Every structure is written in C-alpha cells, then in structure tokens.
Amino acid sequence: MTIESDAARLRAAAEVKPMKLPVNRRVDESHHLVTGDGLSVWYTIQVSPHSRIQEAIFERPDRVPSDQECEQWLRRLVVGAEAVEAPGLPGAMTRRFEAFERNPELEAPLA
C-alpha cells in the first residue's frame, strides 16, 4: 500500500462514520492503521450541529513521530483546512493534530 491509498481509505472511513459530538466518542478500527515501519495512524472526523473537526493522531512505540512523517500524512488526510498540533504530555510518543471547520450560519449569535 502507499500513503495515498492508505490515507484515502482512512478519509473514506471517517466520512462514512463520523463521530457525533458530544455523545459518540467511540472510534473503530476502520479509522486506524499501522504502517510497515510501525507508525500508528488514526484519523477521525467529529461533527456537531455547527462545526466539524478533523483529527489525526500519530504514535510510535519507540520514539516520537517526526515532523516529516506527520506532514506527509497530514497533507493527504486533512482536507479543506490547516491542521494544528495540539499540546501533548511530556515524554509522550503520540502527536495529535486538529483542523476545525466552523459554520457561522449555524451558530447562535453572540450576545
């Protein structure tokens, strides 16, 4: 498999089965893959009435995933928005990226 085909499969699974916020936080294995070199990749789409969040998580058992390997996946996974890295725990071997898409037309007006 290639990154392109693996990323396309993860995107398709996330589009077919997005998580509904705030109640459905279950992720199934169709949103996950492990590459031949041991990089674990998770991709989900979370939806609420007024926003959508694309989330990509990268993890290795032996070291922190590099900027280069995260970027090559992010370019293929996150579509239509720019992913920003979320803060992580010190010493963690996991990196999490999020891209928020908001629809102001569906949000309550600010008072």
# chains A, B, ... in the order shown; residues from 1 in each chain; ligands from 1

call {"tool": "residues_around", "arguments": {"residues": "Trp42 (chain A)", "least_positions_apart": "5", "cutoff": "8 Å", "atoms": "only C-alpha atoms", "output": "count of residues only"}}
result
8

call {"tool": "residues_around", "arguments": {"residues": "region 68-74 of chain A", "least_positions_apart": "3", "cutoff": "9 Å", "atoms": "only C-alpha atoms", "output": "ChimeraX atom specification"}}
result
/A:3-4,7,39,41,56-58,65,77-79,82-83,95,97

call {"tool": "closest_residue", "arguments": {"among": "A:Val64, A:Ile53, A:Val47, A:Ala12", "to": "Met93 (chain A)", "atoms": "only C-alpha atoms"}}
result
A:Val64

call {"tool": "atom_distance", "arguments": {"atom1": "CA of Asp6 (chain A)", "atom2": "CA of Val34 (chain A)"}}
result
9.9 Å

call {"tool": "select_by_dssp", "arguments": {"residues": "chain A", "states": "helix (DSSP H, G or I)", "output": "PyMOL selection string"}}
result
chain A and resi 3-16+29-31+67-77+104-106

call {"tool": "atom_distance", "arguments": {"atom1": "CA of Met19 (chain A)", "atom2": "CA of Thr44 (chain A)"}}
result
7.4 Å

call {"tool": "closest_residue", "arguments": {"among": "A:Arg102, A:Lys20, A:Arg11, A:Arg63", "to": "Arg75 (chain A)", "atoms": "only C-alpha atoms"}}
result
A:Arg11

call {"tool": "select_by_dssp", "arguments": {"residues": "region 23-111 of chain A", "states": "strand (DSSP E or B)", "output": "PyMOL selection string"}}
result
chain A and resi 32-34+40-47+51-59+84-85+94-102

call {"tool": "atom_distance", "arguments": {"atom1": "CA of Ile45 (chain A)", "atom2": "CA of Ala13 (chain A)"}}
result
9.3 Å
